[in-house]
4 protein chains.
Amino acid sequence: MMIVMKESATADQVEAVVRQVEHVGARAHISRGELHTVIGAIGDRDHVANLELDGFPGVDHVVPITRPYKLASLQFKREERTVLDIGGRKIGGPYFMTIAGPCTIESRGQMLDAAAAVKDAGAQLLRGGAYKPRTSPYSFQGLGEGGLRLLAEAREETGMPVVTEVMDARDLDQILEVADVIQVGARNMQNFTLLTELGRAGRPIVLKRGLSATLDDLLMAAEYVLKEGNESVILCERGIRTFETAYRFTLDLMAVPVLKQHTHLPVIVDPSHAAGRRDLVLPMSLAAAAAGADGIIVEVHPEPERAICDGPQQLRAEEFADYLRQVEAVAQLAGKELATSY
Amino acid sequence: MMIVMKESATADQVEAVVRQVEHVGARAHISRGELHTVIGAIGDRDHVANLELDGFPGVDHVVPITRPYKLASLQFKREERTVLDIGGRKIGGPYFMTIAGPCTIESRGQMLDAAAAVKDAGAQLLRGGAYKPRTSPYSFQGLGEGGLRLLAEAREETGMPVVTEVMDARDLDQILEVADVIQVGARNMQNFTLLTELGRAGRPIVLKRGLSATLDDLLMAAEYVLKEGNESVILCERGIRTFETAYRFTLDLMAVPVLKQHTHLPVIVDPSHAAGRRDLVLPMSLAAAAAGADGIIVEVHPEPERAICDGPQQLRAEEFADYLRQVEAVAQLAGKELATSY
Amino acid sequence: MMIVMKESATADQVEAVVRQVEHVGARAHISRGELHTVIGAIGDRDHVANLELDGFPGVDHVVPITRPYKLASLQFKREERTVLDIGGRKIGGPYFMTIAGPCTIESRGQMLDAAAAVKDAGAQLLRGGAYKPRTSPYSFQGLGEGGLRLLAEAREETGMPVVTEVMDARDLDQILEVADVIQVGARNMQNFTLLTELGRAGRPIVLKRGLSATLDDLLMAAEYVLKEGNESVILCERGIRTFETAYRFTLDLMAVPVLKQHTHLPVIVDPSHAAGRRDLVLPMSLAAAAAGADGIIVEVHPEPERAICDGPQQLRAEEFADYLRQVEAVAQLAGKELATSY
Amino acid sequence: MMIVMKESATADQVEAVVRQVEHVGARAHISRGELHTVIGAIGDRDHVANLELDGFPGVDHVVPITRPYKLASLQFKREERTVLDIGGRKIGGPYFMTIAGPCTIESRGQMLDAAAAVKDAGAQLLRGGAYKPRTSPYSFQGLGEGGLRLLAEAREETGMPVVTEVMDARDLDQILEVADVIQVGARNMQNFTLLTELGRAGRPIVLKRGLSATLDDLLMAAEYVLKEGNESVILCERGIRTFETAYRFTLDLMAVPVLKQHTHLPVIVDPSHAAGRRDLVLPMSLAAAAAGADGIIVEVHPEPERAICDGPQQLRAEEFADYLRQVEAVAQLAGKELATSY
């Protein structure tokens with residue numbers, strides 16, 4: 001951490017900062033510039049992190065040097081990328097994974113039809129929501145336990161591993177009975193007690209980026225899971241809030257290569273929620289694959305017009321095979337191995 | 001809801017939309033403009049809300065007409081404003097309330113000193129955090145149950161009602177034993193299962209606006225609480241995420257008068273978290289009072305330099321009385337009654 | 001335009017709005033919902049656009065129906081896409097175009113070396129800035145007229161058409177002597193008098209999206225040029241301002257397919273300025289091509305380490321041929337024809 | 001400037017950075033931390049500013065230490081605040097100034113009526129736009145030269161100094177004949193050639209913050225004017241672009257105290273454009289005064305319902321005196337002297 005003193009800082013003020021740095025167990029290293037004196041606080045990450053010097057007399061501002069996460073960083077794994085194996089399907093490093101299925105589990109027929117379609121097309125994982133975070137308390141909140149049972153049935157029938165969302169730590173035991181991968185929604189990205197529970201549960205996690213979370217925020221949320229010993233975290237870019245109103249969210253694809261420079265964890269993209277419209281899902285999926293994403297999580301419905309929730313953004317089941325073929329072609333150009341090839 | 005058809009929409013496409021509108025139990029009302037046909041879907045809010053027509057052939061876009069919340073709306077209370085009475089202290093309508101205390105409960109001495117200072121200065125409610133949502137898993141996470149006991153002691157000693165934050169529904173029973181008002185942090189604003197529990201608990205709530213929550217999102221989150229029968233919700237603006245990096249968050253004071261046009265609920269402002277710096281707390285508190293806020297929630301610490309968490313943004317206890325006098329003077333100019341005057 | 005009345009609006013207030021609508025020469029069409037009365041104002045776009053009813057008694061809010069631009073819209077050209085031919089190089093519709101060259105013209109050697117490199121690699125157009133908009137008045141502002149002469153020489157030597165930026169209408173005549181395409185920078189996107197001049201000049205334009213311009217703002221800026229009779233406008237996404245600080249700007253690739261749904265004009269992407277870092281240029285270029293962009297404008301320098309301006313974001317000349325091969329492979333997958341193939 | 005090296009940086013890479021620092025004439029100062037080596041580049045601001053090391057091998061990131069502006073900084077004036085005297089009316093330091101008048105000059109009657117109203121109420125400066133930057137080329141673009149003549153007449157009649165906007169450097173001579181203060185609109189904030197001309201013209205400037213300009217961007221834009229010898233720049237916060245759609249722009253009042261910490265220049269607020277609605281102008285004006293603004297620029301119209309442009313946001317002339325009394329009362333509480341008191 002570098003503490004930049006004001007031009008007008010006195011020698012006493014510099015001295016007081018140095019004492020405070022040493023008080024937390026770090027070393028102070030003074031560098032005098034033309035205008036500003038800069039004090040480096042050198043030492044253990046945790047000690048230095050507890051230095052709160054923003055308000056100190058004579059301090060202009062404080063600049064962190066070390067990134068705030070450790071276990072999530074690429075350096076921690078000595079530049080080696082995490083590859084997860086989920087029921088024989090791989091993601092991360094060279095492997096590209098497609099996760100597909102309906103937004104919400106609505107009925108037995110809908111779930112099984114969707115599952116069959118995504119399996120036939122060649123997706124690796126099956127998704128379906130039983131607990132749905134909805135902006136409105138008047139909207140359908142998911143089938144809950146009943147939905148989990150239908151998901152289990154689809155898992156049985158297709159042999160595909162399944163992904164479903166947890167909203168409340170009190171539902172976790174139930175979900176662990178069915179889910180191969182547990183999704184944390186964007187609005188729960190900083191539900192820290194839930195993240196800690198998931199760290200302890202040990203099951204692979206898809207962690208969606210919050211609507212206004214920086215990449216550092218996302219990596220710190222992952223760190224909550226990793227810290228408990230669960231190393232299986234997949235990060236997911238799904239669109240951020242910006243001033244643009246022409247689409248629901250702004251898909252931030254630059255996050256993909258930048259996250260991969262900072263972390264060993266796999267990074268996937270959810271084009272369905274960002275766009276909110278079916279016709280944008282294909283171009284944004286191709287763009288995500290081209291940007292180097294390790295996978296895609298996408299919504300597919302046998303009859304989107306009859307979907308209870310988010311129909312307009314779900315791909316039609318009959319178009320999904322063609323969609324997938326195109327996405328995989330771009331992923332290959334971007335240097336990925338496909339599941340079918342290993 | 002108005003469905004705007006594309007210029008190129010065919011008569012069949014218009015007809016299909018009309019059928020879909022009638023299918024959900026609403027009436028369709030067609031209006032043909034020079035370029036666009038617009039179909040009004042008229043009927044019960046809930047039916048119309050379930051119309052998902054964004055993807056329909058020939059549909060250009062869909063415009064909601066009715067606001068998505070009902071119980072939170074000013075119309076629902078026929079333009080009458082909610083006034084809450086918390087242990088004899090009032091907020092809402094003409095009443096201005098100050099909530100003050102340390103960010104985090106750190107020790108018995110710190111909590112009791114802060115409590116005495118804010119009481120002496122004339123604040124109405126006492127705040128203090130026992131469970132702290134922290135971006136980093138390596139940061140101090142609060143004293144938990146021990147903190148609640150210290151808060152109970154401060155409540156006893158000062159006779160002030162207390163506000164504290166809940167992060168996890170599983171801590172709720174414990175918190176209900178101590179807290180007069182329960183705070184929901186910005187990062188939990190859309191923790192929908194927690195909101196529902198708080199609706200059932202019936203205790204007054206301070207609901208902080210999420211970092212990228214629109215005013216409609218905030219009012220829908222309040223609606224989750226109101227729907228369960230808990231009418232005591234205080235909304236809190238605490239800064240939003242924007243491109244500006246000169247401060248931690250951008251305090252959105254226009255939210256105050258605009259929320260008050262839409263809802264009967266009291267609206268307060270947290271200047272401490274938005275600014276992250278003590279020297280901005282006074283000007284932003286004055287501005288909040290001038291904008292018509294129903295109150296302020298502000299952090300005060302006996303020794304900010306020794307604070308474990310967010311020291312730089314906490315007011316010094318010895319400066320608090322002077323601060324409060326200035327804020328109350330502006331609140332009075334903005335038409336508010338102060339606690340001391342009733 | 002739809003005028004949504006408040007629930008509490010009186011019959012007189014509705015009547016007053018109707019009179020105002022008719023006053024500007026439009027027809028009023030009343031639709032009464034359960035809660036709200038909605039008044040459609042139907043008539044000529046320009047008349048209706050001048051209706052300013054936001055402040056009217058009883059009016060809740062006003063919803064525009066018709067998009068504000070006309071000449072830029074896809075409907076105006078009956079869904080046919082504009083293809084520009086610039087010295088025999090095509091862009092728009094099926095054609096993908098690469099524009100490359102140094103950020104700033106620095107010297108004869110640098111300009112000619114860069115030009116040779118981008119020509120050899122197969123780029124279609126050559127770029128180079130003589131007038132540079134710089135945030136700081138202390139930064140290098142470009143070689144001006146001298147830079148234009150070097151650009152003319154590079155044009156002569158390579159036979160490539162050239163793109164250069166105009167910052168001030170008073171420099172336009174000079175620039176018109178050299179430039180085949182004139183670039184308008186993001187910070188001048190709403191310099192309306194400059195846009196009007198460029199409309200009159202008739203030369204093809206690359207119009208960069210402003211840092212906080214919505215797609216509608218961008219299309220309205222293009223409309224200023226089109227309105228003067230200049231139909232040769234290329235729109236350019238180059239990153240927007242968001243809360244994310246991990247990169248200079250957030251490249252908004254969803255703008256590409258959405259713009260193409262609304263306008264017949266070609267849409268290109270500038271990955272260099274958005275990223276500000278060389279290592280992100282390739283993945284974001286691939287993503288842009290995958291998203292359906294009609295071209296790329298990218299910075300290439302023979303010795304980026306010695307660049308006076310924006311060195312870190314410029315591709316190395318010797319790596320450019322390999323870069324271009326990869327981008328073109330993705331563009332082809334996305335359905336584009338390459339210059340080499342026609 | 002501090003250059004933070006990667007953990008994995010080699011001794012050679014550190015050495016290469018040091019050489020580059022020395023190459024631009026600065027001194028390098030090395031500080032080795034637990035994880036990172038940090039190199040301070042110490043020397044003349046301009047030399048250091050030209051160091052472009054972001055792309056260098058082994059460099060993690062670069063942190064500027066010195067602010068990029070000099071003449072605009074509070075330190076440059078040794079903490080003394082600039083007070084401008086405009087025809088005997090003062091702004092800056094202890095003085096609060098109100099600038100009022102119609103958005104656009106529409107007719108002789110409208111201009112003279114508005115002028116009389118704002119004079120009678122006690123405003124210090126008169127505003128009125130002759131050249132109007134409009135998002136749409138189809139909107140009214142102002143009366144131009146004819147408008148300037150009407151403004152001159154209003155100036156003559158009331159004896160008030162006048163403020164009007166320049167959009168194009170080619171109109172400057174004409175405007176200089178009438179205007180006491182020249183306004184630069186938000187969309188021209190980074191029209192660098194225009195800023196340079198205004199620096200040379202020497203007339204006081206109101207410089208509006210761009211829709212997505214950081215405070216540093218705004219101060220650098222002011223620096224363009226100051227650098228030419230014109231020290232009379234008034235900065236104006238007028239709302240920024242954020243994700244919130246409930247209002248036209250988000251008024252960023254924290255900019256007021258923060259700008260005043262960094263610069264000696266006066267800072268005013270335009271509540272009319274931010275809100276876009278009359279009913280928000282009073283609360284946001286009070287908030288601006290409470291936040292410590294040096295003045296307000298506000299729109300007043302004798303008949304807003306008949307305004308050609310931005311009618312809904314203009315205050316009614318007959319309400320203006322009451323509005324001004326309230327704003328001035330808050331400004332006084334915030335420590336300002338009013339014109340009437342000196």
# chains A, B, ... in the order shown; residues from 1 in each chain; ligands from 1

call {"tool": "select_by_dssp", "arguments": {"residues": "stretch 46-222 of chain D", "states": "helix (DSSP H, G or I)", "output": "ChimeraX atom specification"}}
result
/D:46-49,108-121,145-158,169-176,186-188,192-201,215-222

call {"tool": "residues_around", "arguments": {"residues": "D:Leu235", "least_positions_apart": "4", "cutoff": "9 Å", "atoms": "only C-alpha atoms", "output": "PyMOL selection string"}}
result
chain D and resi 205-209+218-219+222+259+265-269

call {"tool": "residues_around", "arguments": {"residues": "B:Leu126", "least_positions_apart": "6", "cutoff": "6 Å", "atoms": "only C-alpha atoms", "output": "list in words"}}
result
Ile99, Ala100, Gly101 and Val162 of chain B

call {"tool": "closest_atom_pairs", "arguments": {"of": "chain D", "to": "chain C", "cutoff": "6 Å", "atoms": "only C-alpha atoms", "output": "JSON lines"}}
result
{"residue": "D:Asp54", "atom": "CA", "partner": "C:Pro312", "partner_atom": "CA", "distance": 5.7}
{"residue": "D:Gly55", "atom": "CA", "partner": "C:Pro312", "partner_atom": "CA", "distance": 4.5}
{"residue": "D:Ser136", "atom": "CA", "partner": "C:Met220", "partner_atom": "CA", "distance": 5.8}
{"residue": "D:Pro137", "atom": "CA", "partner": "C:Tyr224", "partner_atom": "CA", "distance": 5.4}
{"residue": "D:Ser212", "atom": "CA", "partner": "C:Ser212", "partner_atom": "CA", "distance": 5.7}
{"residue": "D:Met220", "atom": "CA", "partner": "C:Ser136", "partner_atom": "CA", "distance": 5.8}
{"residue": "D:Tyr224", "atom": "CA", "partner": "C:Pro137", "partner_atom": "CA", "distance": 5.4}
{"residue": "D:Pro312", "atom": "CA", "partner": "C:Gly55", "partner_atom": "CA", "distance": 4.6}

call {"tool": "write_last_selection", "arguments": {"atoms": "N, CA, C and O atoms", "output": "CSV table (one decimal), in the first residue's frame"}}
result
chain,number,residue,atom,x,y,z
D,54,ASP,N,2.4,1.4,-19.4
D,54,ASP,CA,1.4,0.3,-19.2
D,54,ASP,C,1.6,-1.0,-19.9
D,54,ASP,O,1.4,-2.0,-19.3
D,55,GLY,N,2.2,-0.9,-21.0
D,55,GLY,CA,2.4,-2.1,-21.8
D,55,GLY,C,3.8,-2.8,-21.5
D,55,GLY,O,4.1,-3.8,-22.1
D,136,SER,N,-31.6,16.5,-31.4
D,136,SER,CA,-32.2,16.2,-32.7
D,136,SER,C,-32.0,17.3,-33.7
D,136,SER,O,-32.2,18.5,-33.3
D,137,PRO,N,-31.6,17.0,-34.9
D,137,PRO,CA,-31.5,18.1,-35.9
D,137,PRO,C,-32.9,18.7,-36.3
D,137,PRO,O,-32.9,19.7,-36.9
D,212,SER,N,-20.5,12.4,-18.8
D,212,SER,CA,-19.8,11.3,-18.2
D,212,SER,C,-18.3,11.7,-17.9
D,212,SER,O,-17.4,10.9,-17.9
D,220,MET,N,-9.3,19.3,-16.1
D,220,MET,CA,-8.4,19.4,-17.2
D,220,MET,C,-9.0,20.2,-18.3
D,220,MET,O,-8.3,20.9,-19.0
D,224,TYR,N,-7.4,23.9,-19.9
D,224,TYR,CA,-7.2,24.3,-21.3
D,224,TYR,C,-7.5,25.9,-21.4
D,224,TYR,O,-6.8,26.6,-22.1
D,312,PRO,N,-41.0,22.1,-19.5
D,312,PRO,CA,-41.3,21.4,-18.3
D,312,PRO,C,-40.3,21.6,-17.2
D,312,PRO,O,-40.6,21.4,-16.0

call {"tool": "residues_around", "arguments": {"residues": "A:Asp252", "least_positions_apart": "2", "cutoff": "7 Å", "atoms": "only C-alpha atoms", "output": "list of chain:residue names"}}
result
A:Gly239, A:Ile240, A:Thr250, A:Met254, A:Ala255, C:Thr250, C:Leu251, C:Asp252

call {"tool": "select_by_dssp", "arguments": {"residues": "stretch 42-154 of chain D", "states": "strand (DSSP E or B)", "output": "PyMOL selection string"}}
result
chain D and resi 42+59-63+73+84-86+89-92+95-101+104+125-127+129

call {"tool": "write_last_selection", "arguments": {"atoms": "N, CA and C atoms", "output": "PDB file, in the first residue's frame"}}
result
ATOM      1  N   ILE D  42      10.256  10.173 -10.399  1.00  0.00           N
ATOM      2  CA  ILE D  42      10.232  11.471  -9.732  1.00  0.00           C
ATOM      3  C   ILE D  42      10.837  12.500 -10.646  1.00  0.00           C
ATOM      4  N   VAL D  59       5.445  -4.966 -16.086  1.00  0.00           N
ATOM      5  CA  VAL D  59       4.690  -3.922 -15.392  1.00  0.00           C
ATOM      6  C   VAL D  59       3.275  -4.412 -15.115  1.00  0.00           C
ATOM      7  N   ASP D  60       2.842  -4.348 -13.855  1.00  0.00           N
ATOM      8  CA  ASP D  60       1.482  -4.741 -13.502  1.00  0.00           C
ATOM      9  C   ASP D  60       0.518  -3.587 -13.778  1.00  0.00           C
ATOM     10  N   HIS D  61       0.794  -2.450 -13.163  1.00  0.00           N
ATOM     11  CA  HIS D  61       0.013  -1.259 -13.491  1.00  0.00           C
ATOM     12  C   HIS D  61       0.765  -0.022 -13.029  1.00  0.00           C
ATOM     13  N   VAL D  62       0.256   1.115 -13.484  1.00  0.00           N
ATOM     14  CA  VAL D  62       0.912   2.391 -13.229  1.00  0.00           C
ATOM     15  C   VAL D  62      -0.060   3.268 -12.460  1.00  0.00           C
ATOM     16  N   VAL D  63       0.420   3.905 -11.402  1.00  0.00           N
ATOM     17  CA  VAL D  63      -0.431   4.740 -10.560  1.00  0.00           C
ATOM     18  C   VAL D  63       0.067   6.178 -10.617  1.00  0.00           C
ATOM     19  N   SER D  73      -5.551  23.934  -9.701  1.00  0.00           N
ATOM     20  CA  SER D  73      -5.493  23.331  -8.367  1.00  0.00           C
ATOM     21  C   SER D  73      -5.508  24.378  -7.259  1.00  0.00           C
ATOM     22  N   LEU D  84     -14.727  36.018  -8.570  1.00  0.00           N
ATOM     23  CA  LEU D  84     -14.907  36.767  -9.809  1.00  0.00           C
ATOM     24  C   LEU D  84     -15.871  37.917  -9.563  1.00  0.00           C
ATOM     25  N   ASP D  85     -15.593  39.014 -10.215  1.00  0.00           N
ATOM     26  CA  ASP D  85     -16.485  40.168 -10.145  1.00  0.00           C
ATOM     27  C   ASP D  85     -17.013  40.397 -11.549  1.00  0.00           C
ATOM     28  N   ILE D  86     -18.288  40.182 -11.717  1.00  0.00           N
ATOM     29  CA  ILE D  86     -18.896  40.297 -13.045  1.00  0.00           C
ATOM     30  C   ILE D  86     -19.859  41.480 -13.002  1.00  0.00           C
ATOM     31  N   ARG D  89     -21.107  42.090  -9.602  1.00  0.00           N
ATOM     32  CA  ARG D  89     -21.666  40.936  -8.889  1.00  0.00           C
ATOM     33  C   ARG D  89     -20.547  39.937  -8.644  1.00  0.00           C
ATOM     34  N   LYS D  90     -20.490  39.422  -7.419  1.00  0.00           N
ATOM     35  CA  LYS D  90     -19.381  38.538  -7.069  1.00  0.00           C
ATOM     36  C   LYS D  90     -19.794  37.078  -6.954  1.00  0.00           C
ATOM     37  N   ILE D  91     -18.854  36.224  -7.269  1.00  0.00           N
ATOM     38  CA  ILE D  91     -19.053  34.782  -7.102  1.00  0.00           C
ATOM     39  C   ILE D  91     -17.731  34.158  -6.675  1.00  0.00           C
ATOM     40  N   GLY D  92     -17.829  33.137  -5.811  1.00  0.00           N
ATOM     41  CA  GLY D  92     -16.630  32.442  -5.347  1.00  0.00           C
ATOM     42  C   GLY D  92     -16.279  32.877  -3.947  1.00  0.00           C
ATOM     43  N   TYR D  95     -18.995  34.358  -1.659  1.00  0.00           N
ATOM     44  CA  TYR D  95     -20.143  34.934  -2.373  1.00  0.00           C
ATOM     45  C   TYR D  95     -20.973  33.904  -3.127  1.00  0.00           C
ATOM     46  N   PHE D  96     -22.277  34.006  -2.992  1.00  0.00           N
ATOM     47  CA  PHE D  96     -23.236  33.126  -3.665  1.00  0.00           C
ATOM     48  C   PHE D  96     -23.921  33.922  -4.766  1.00  0.00           C
ATOM     49  N   MET D  97     -24.012  33.342  -5.951  1.00  0.00           N
ATOM     50  CA  MET D  97     -24.584  34.061  -7.095  1.00  0.00           C
ATOM     51  C   MET D  97     -25.707  33.257  -7.736  1.00  0.00           C
ATOM     52  N   THR D  98     -26.770  33.940  -8.092  1.00  0.00           N
ATOM     53  CA  THR D  98     -27.854  33.279  -8.821  1.00  0.00           C
ATOM     54  C   THR D  98     -27.901  33.796 -10.252  1.00  0.00           C
ATOM     55  N   ILE D  99     -27.880  32.855 -11.173  1.00  0.00           N
ATOM     56  CA  ILE D  99     -27.967  33.167 -12.606  1.00  0.00           C
ATOM     57  C   ILE D  99     -29.300  32.613 -13.076  1.00  0.00           C
ATOM     58  N   ALA D 100     -30.153  33.444 -13.663  1.00  0.00           N
ATOM     59  CA  ALA D 100     -31.490  32.958 -14.016  1.00  0.00           C
ATOM     60  C   ALA D 100     -31.948  33.570 -15.318  1.00  0.00           C
ATOM     61  N   GLY D 101     -32.888  32.886 -15.946  1.00  0.00           N
ATOM     62  CA  GLY D 101     -33.440  33.376 -17.207  1.00  0.00           C
ATOM     63  C   GLY D 101     -33.946  32.203 -18.016  1.00  0.00           C
ATOM     64  N   THR D 104     -34.051  29.163 -23.608  1.00  0.00           N
ATOM     65  CA  THR D 104     -33.825  29.624 -24.973  1.00  0.00           C
ATOM     66  C   THR D 104     -34.498  30.980 -25.165  1.00  0.00           C
ATOM     67  N   LEU D 125     -27.304  37.505 -12.264  1.00  0.00           N
ATOM     68  CA  LEU D 125     -26.984  37.445 -13.690  1.00  0.00           C
ATOM     69  C   LEU D 125     -28.195  36.935 -14.470  1.00  0.00           C
ATOM     70  N   LEU D 126     -28.233  37.311 -15.737  1.00  0.00           N
ATOM     71  CA  LEU D 126     -29.334  36.924 -16.613  1.00  0.00           C
ATOM     72  C   LEU D 126     -28.808  35.922 -17.642  1.00  0.00           C
ATOM     73  N   ARG D 127     -29.514  34.825 -17.824  1.00  0.00           N
ATOM     74  CA  ARG D 127     -29.086  33.868 -18.830  1.00  0.00           C
ATOM     75  C   ARG D 127     -30.126  33.783 -19.955  1.00  0.00           C
ATOM     76  N   GLY D 129     -30.336  31.523 -24.059  1.00  0.00           N
ATOM     77  CA  GLY D 129     -29.581  30.836 -25.104  1.00  0.00           C
ATOM     78  C   GLY D 129     -29.986  31.277 -26.497  1.00  0.00           C
TER      79      GLY D 129
END
